[in-house]
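Below is one structure, written out as structure tokens; comments come after it.
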Amino acid sequence: MKLGIVSAIYDGFTFEEAVENAVQNGCECMEVACWPQGKAERRYAGVSHIDVDNISPEYIAYIKDFCAKKGIEISSLAFYPNTMDGDLQKREANIAHLKKVINMSALLGVNMVTTFIGRDQTKTVEENLELFKEIWPPIIKLAEEKGVKVAIENCPMLFGADQWPGGQNLFTTPRLWRKMFELLPSDNFGINYDPSHFIWQQIDYIKPLYEFREIFHVHFKDIKLFKDKLDDVGIMGYPLDFMSPKLPGLGDVDWGKYVSALTDIGYDGYACIEVEDKAFEGSKQ
């Protein structure tokens with residue numbers, strides 16, 4: 001495995017500054033955030049370190065050469081939108097940008113994109129599966145044509161009132177993974193595995209590693225559950241009322257078991273630390 005970092009934490013850094021900081025901290029790779037230019041829609045989103053609208057040969061060559069010179073690989077291009085947003089204008093814009101990210105990933109020779117499935121948070125799971133059957137086959141077809149693997153993270157995107165009641169990502173549980181892989185079988189459609197999201201959903205985060213061989217990319221992020229707060233609000237409360245994202249080793253993931261399981265299944269790809277721990281946001285190191 002190659003250890004790296006998700007560049008979304010480098011908000012306000014240039015691409016060059018983000019790469020140099022990652023290298024200084026011993027990273028071998030970086031998952032590079034590629035949101036549209038403009039104001040962030042949410043925390044850790046809206047960051048863009050590669051401009052996917054600039055497909056000039058000179059820009060492509062510069063990105064490749066800079067990474068080679070610094071000795072770091074791009075693990076994937078990252079864009080985590082809601083491609084099934086109930087707002088059709090937002091949905092269309094998100095899908096259009098995701099397709100640009102897929103194209104840029106191919107041009108850079110990265111050949112990996114990390115993203116979400118999305119979800120219309122006002123609709124049922126069954127209704128969203130129908131949306132998935134409509135929206136996602138053309139996206140994966142493009143990825144197949146470009147030779148790009150699309151790795152979906154298992155974050156429910158359900159944290160507070162603005163994402164209530166259903167959350168903004170359907171790709172959340174092993175049962176739903178099985179269903180979506182059945183509906184859209186493709187060697188280019190897989191998983192960006194993050195154990196932390198299973199912790200607060202009270203799902204076994206080790207067992208799925210042995211079942212699903214479509215794991216293209218993994219995250220190293222931790223979650224800390226606060227039992228006293230969970231006892232107060234219950235599992236139907238807003239998740240951020242009873243848990244908090246933490247750096248690896250500071251939460252409830254058993255990292256020995258997690259990494260051991262990854263080695264058991266022969267995973268030798270990219271593992272990127274996703275920093276969302278508010279306790280460390282004040283430091284640029």
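Residues are referred to by chain and number: the chain letter is A, B, ... according to the order shown in the structure tokens, the number counts from 1 in that chain, and ligands are numbered separately from 1 in the order shown.
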Once DSSP has gone over the backbone, tell me which residues of stretch 3-245 of chain A are in alpha helix (DSSP H), as a ChimeraX atom specification. /A:15-24,57-70,88-108,125-146,174-183,196-201,207-211,227-233
Could you list, as a list in words, every residue within 12 Å of A:Asp162, counting only C-alpha atoms and ignoring same-chain residues fewer than 3 positions away? Glu41, Arg42, Gln121, Thr122, Met157, Leu158, Phe159, Pro165, Gly166, Gly167, Gln168 and Tyr238 of chain A
Distance criterion (only C-alpha atoms): nearest to A:Tyr205 out of A:Leu129, A:Met243, A:Ala261, A:Ala151: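 Looking only at the distances to A:Tyr205, the closest residue turns out to be A:Ala261.
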For A:Asp254, list every protein, DNA or RNA residue within 12 Å, evaluated using only C-alpha atoms, and leave out those in the same chain fewer than 3 positions away; present the list as a ChimeraX atom specification. /A:195-196,199,204-206,220-224,248-251,257-261
Produce a file of the selected residues containing C-alpha atoms, as an mmCIF file, in the first residue's frame.
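Okay, result_26.cif is ready:
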```
data_model
loop_
_atom_site.group_PDB
_atom_site.id
_atom_site.type_symbol
_atom_site.label_atom_id
_atom_site.label_comp_id
_atom_site.auth_asym_id
_atom_site.auth_seq_id
_atom_site.Cartn_x
_atom_site.Cartn_y
_atom_site.Cartn_z
ATOM 1 C CA PRO A 195 -14.150 2.248 7.843
ATOM 2 C CA SER A 196 -15.172 5.256 9.917
ATOM 3 C CA ILE A 199 -18.484 2.754 12.995
ATOM 4 C CA ASP A 204 -19.033 -4.381 11.015
ATOM 5 C CA TYR A 205 -16.262 -2.548 9.150
ATOM 6 C CA ILE A 206 -14.010 -5.598 8.714
ATOM 7 C CA PHE A 220 -7.756 6.153 6.629
ATOM 8 C CA LYS A 221 -10.153 8.154 8.815
ATOM 9 C CA ASP A 222 -11.339 7.518 12.334
ATOM 10 C CA ILE A 223 -14.596 8.199 14.186
ATOM 11 C CA LYS A 224 -15.119 8.607 17.911
ATOM 12 C CA PRO A 248 -6.430 7.616 12.654
ATOM 13 C CA GLY A 249 -5.727 6.155 16.081
ATOM 14 C CA LEU A 250 -7.760 8.720 17.998
ATOM 15 C CA GLY A 251 -11.180 7.110 17.509
ATOM 16 C CA LYS A 257 -7.493 -5.308 12.366
ATOM 17 C CA TYR A 258 -8.315 -2.993 9.452
ATOM 18 C CA VAL A 259 -4.840 -3.021 7.904
ATOM 19 C CA SER A 260 -4.472 -6.743 8.613
ATOM 20 C CA ALA A 261 -7.696 -7.407 6.709
#
```
Neighbours of A:Ser105 within 9 Å (only C-alpha atoms; same-chain residues fewer than 4 positions away dropped), as a list in words?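 After dropping sequence-adjacent residues, the list is Val52, Ser76, Leu77, Lys100, Val101, Gly109, Val110, Asn111, Met112, Val113, Lys146 and Val148 of chain A.
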Near-A:Tyr80 list (8 Å; only C-alpha atoms; drop same-chain fewer than 4 positions) as a list in words: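 Surrounding residues, per the criterion: Ala45, Thr114, Thr115 and Phe116 of chain A.
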Would you give me, as a tab-separated table, each residue of stretch 64-151 of chain A having an atom within 10 Å of an atom of stretch 4-14 of chain A, along with its shortest atom pair and that distance in Å to one decimal, using only C-alpha atoms and sorting by chain and residue number?
```
residue	atom	partner	partner_atom	distance
A:Ile72	CA	A:Gly4	CA	8.9
A:Glu73	CA	A:Gly4	CA	8.9
A:Ile74	CA	A:Gly4	CA	9.1
A:Ser75	CA	A:Gly4	CA	8.2
A:Ser76	CA	A:Val6	CA	9.4
A:Leu77	CA	A:Val6	CA	9.7
A:Ala78	CA	A:Val6	CA	8.4
A:Phe79	CA	A:Ala8	CA	9.8
```
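Residue nearest A:Cys272, chosen from A:Lys64, A:Lys2, A:Arg91, A:Lys141 and counting only C-alpha atoms: A:Lys2.
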Enumerate the residues of stretch 93-180 of chain A with a DSSP assignment of strand (DSSP E), computed from the backbone, and present them as a list in words. Met112, Val113, Thr114, Thr115, Lys149, Val150, Ala151, Ile152 and Glu153 of chain A
File of the preceding selection, all heavy atoms, as a PDB file, in the first residue's frame:
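What follows is the written file out26.pdb:
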```pdb
ATOM      1  N   MET A 112      -8.229   7.074 -12.047  1.00  0.00           N
ATOM      2  CA  MET A 112      -9.056   6.806 -10.869  1.00  0.00           C
ATOM      3  C   MET A 112      -9.777   8.098 -10.483  1.00  0.00           C
ATOM      4  O   MET A 112      -9.176   9.177 -10.475  1.00  0.00           O
ATOM      5  CB  MET A 112      -8.208   6.332  -9.695  1.00  0.00           C
ATOM      6  CG  MET A 112      -9.000   5.989  -8.441  1.00  0.00           C
ATOM      7  SD  MET A 112      -9.572   4.303  -8.413  1.00  0.00           S
ATOM      8  CE  MET A 112      -8.011   3.459  -8.102  1.00  0.00           C
ATOM      9  N   VAL A 113     -11.067   7.953 -10.155  1.00  0.00           N
ATOM     10  CA  VAL A 113     -11.856   9.061  -9.628  1.00  0.00           C
ATOM     11  C   VAL A 113     -12.568   8.578  -8.379  1.00  0.00           C
ATOM     12  O   VAL A 113     -13.145   7.484  -8.369  1.00  0.00           O
ATOM     13  CB  VAL A 113     -12.887   9.566 -10.671  1.00  0.00           C
ATOM     14  CG1 VAL A 113     -13.923  10.479 -10.017  1.00  0.00           C
ATOM     15  CG2 VAL A 113     -12.182  10.307 -11.801  1.00  0.00           C
ATOM     16  N   THR A 114     -12.512   9.354  -7.318  1.00  0.00           N
ATOM     17  CA  THR A 114     -13.213   9.039  -6.081  1.00  0.00           C
ATOM     18  C   THR A 114     -14.373  10.010  -5.909  1.00  0.00           C
ATOM     19  O   THR A 114     -14.209  11.222  -6.069  1.00  0.00           O
ATOM     20  CB  THR A 114     -12.258   9.112  -4.879  1.00  0.00           C
ATOM     21  OG1 THR A 114     -11.368  10.231  -5.034  1.00  0.00           O
ATOM     22  CG2 THR A 114     -11.424   7.856  -4.779  1.00  0.00           C
ATOM     23  N   THR A 115     -15.562   9.450  -5.559  1.00  0.00           N
ATOM     24  CA  THR A 115     -16.760  10.274  -5.587  1.00  0.00           C
ATOM     25  C   THR A 115     -17.867   9.634  -4.764  1.00  0.00           C
ATOM     26  O   THR A 115     -17.652   8.656  -4.045  1.00  0.00           O
ATOM     27  CB  THR A 115     -17.199  10.501  -7.053  1.00  0.00           C
ATOM     28  OG1 THR A 115     -18.249  11.471  -7.097  1.00  0.00           O
ATOM     29  CG2 THR A 115     -17.648   9.220  -7.727  1.00  0.00           C
ATOM     30  N   LYS A 149     -11.255   4.061 -13.427  1.00  0.00           N
ATOM     31  CA  LYS A 149     -12.028   3.398 -12.382  1.00  0.00           C
ATOM     32  C   LYS A 149     -12.700   4.456 -11.509  1.00  0.00           C
ATOM     33  O   LYS A 149     -12.079   5.461 -11.159  1.00  0.00           O
ATOM     34  CB  LYS A 149     -11.121   2.505 -11.529  1.00  0.00           C
ATOM     35  CG  LYS A 149     -10.619   1.268 -12.257  1.00  0.00           C
ATOM     36  CD  LYS A 149      -9.775   0.408 -11.334  1.00  0.00           C
ATOM     37  CE  LYS A 149      -9.273  -0.844 -12.030  1.00  0.00           C
ATOM     38  NZ  LYS A 149     -10.347  -1.787 -12.361  1.00  0.00           N
ATOM     39  N   VAL A 150     -13.967   4.221 -11.190  1.00  0.00           N
ATOM     40  CA  VAL A 150     -14.736   5.135 -10.347  1.00  0.00           C
ATOM     41  C   VAL A 150     -14.964   4.454  -8.997  1.00  0.00           C
ATOM     42  O   VAL A 150     -15.638   3.425  -8.921  1.00  0.00           O
ATOM     43  CB  VAL A 150     -16.076   5.509 -10.999  1.00  0.00           C
ATOM     44  CG1 VAL A 150     -16.881   6.428 -10.082  1.00  0.00           C
ATOM     45  CG2 VAL A 150     -15.842   6.180 -12.361  1.00  0.00           C
ATOM     46  N   ALA A 151     -14.381   5.024  -7.947  1.00  0.00           N
ATOM     47  CA  ALA A 151     -14.441   4.443  -6.604  1.00  0.00           C
ATOM     48  C   ALA A 151     -15.391   5.267  -5.742  1.00  0.00           C
ATOM     49  O   ALA A 151     -15.147   6.453  -5.500  1.00  0.00           O
ATOM     50  CB  ALA A 151     -13.041   4.409  -5.987  1.00  0.00           C
ATOM     51  N   ILE A 152     -16.465   4.632  -5.281  1.00  0.00           N
ATOM     52  CA  ILE A 152     -17.504   5.332  -4.529  1.00  0.00           C
ATOM     53  C   ILE A 152     -17.257   5.195  -3.029  1.00  0.00           C
ATOM     54  O   ILE A 152     -17.133   4.090  -2.506  1.00  0.00           O
ATOM     55  CB  ILE A 152     -18.904   4.764  -4.852  1.00  0.00           C
ATOM     56  CG1 ILE A 152     -19.122   4.685  -6.377  1.00  0.00           C
ATOM     57  CG2 ILE A 152     -19.980   5.607  -4.186  1.00  0.00           C
ATOM     58  CD1 ILE A 152     -19.112   5.997  -7.093  1.00  0.00           C
ATOM     59  N   GLU A 153     -17.207   6.329  -2.338  1.00  0.00           N
ATOM     60  CA  GLU A 153     -17.042   6.282  -0.885  1.00  0.00           C
ATOM     61  C   GLU A 153     -18.371   5.976  -0.208  1.00  0.00           C
ATOM     62  O   GLU A 153     -19.441   6.392  -0.671  1.00  0.00           O
ATOM     63  CB  GLU A 153     -16.484   7.609  -0.356  1.00  0.00           C
ATOM     64  CG  GLU A 153     -16.144   7.532   1.123  1.00  0.00           C
ATOM     65  CD  GLU A 153     -15.654   8.841   1.705  1.00  0.00           C
ATOM     66  OE1 GLU A 153     -15.348   9.766   0.935  1.00  0.00           O
ATOM     67  OE2 GLU A 153     -15.600   8.938   2.953  1.00  0.00           O
TER      68      GLU A 153
END
```
Compile the contact shell of A:Ala61 as a short mmCIF file (atom, residue, chain, number, x, y, z; two decimals) with all heavy atoms, in the first residue's frame: residues with an atom at most 9 Å away, counting only C-alpha atoms, same-chain residues fewer than 5 positions apart removed.
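selection.cif, freshly written:
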```cif
data_model
loop_
_atom_site.label_atom_id
_atom_site.label_comp_id
_atom_site.auth_asym_id
_atom_site.auth_seq_id
_atom_site.Cartn_x
_atom_site.Cartn_y
_atom_site.Cartn_z
N SER A 56 -5.28 21.69 -21.56
CA SER A 56 -4.20 21.97 -22.50
C SER A 56 -3.04 21.00 -22.28
O SER A 56 -2.77 20.58 -21.15
CB SER A 56 -3.70 23.41 -22.33
OG SER A 56 -3.02 23.56 -21.09
N PHE A 66 5.55 17.97 -12.33
CA PHE A 66 5.72 18.45 -10.96
C PHE A 66 5.64 17.30 -9.96
O PHE A 66 6.46 17.21 -9.04
CB PHE A 66 4.68 19.52 -10.63
CG PHE A 66 4.91 20.20 -9.32
CD1 PHE A 66 5.80 21.26 -9.21
CD2 PHE A 66 4.25 19.78 -8.17
CE1 PHE A 66 6.05 21.88 -8.00
CE2 PHE A 66 4.47 20.40 -6.95
CZ PHE A 66 5.37 21.46 -6.87
N LEU A 108 -4.41 12.66 -17.37
CA LEU A 108 -3.24 12.68 -16.49
C LEU A 108 -2.64 11.29 -16.29
O LEU A 108 -1.57 11.16 -15.69
CB LEU A 108 -3.62 13.27 -15.13
CG LEU A 108 -3.84 14.79 -15.07
CD1 LEU A 108 -4.44 15.18 -13.74
CD2 LEU A 108 -2.55 15.54 -15.32
#
```
Å distance separating atom CA of A:Ser48 from atom CA of A:His197, one decimal place: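 Separation between atom CA of A:Ser48 and atom CA of A:His197: 24.0 Å.
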Contacts of A:Ile235 at 12 Å (only C-alpha atoms; same-chain gap of 6+ positions) as number ranges by chain: A: 159, 200-202, 225-227, 229, 241-243
Give me, please, the distance in Å between atom CA of A:Ile215 and atom CA of A:Asn94, quoted to one decimal.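 Pair atom CA of A:Ile215 / atom CA of A:Asn94 returns 23.8 Å.
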Given the choices A:Phe198, A:Asp252, A:Phe216, A:Val19, which gets closest to A:Gly266 if the distance is worked out from only C-alpha atoms?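 Looking only at the distances to A:Gly266, the closest residue turns out to be A:Phe216.
Separating atom CA of A:Ile139 from atom CA of A:Ser186 is a distance of 11.4 Å.
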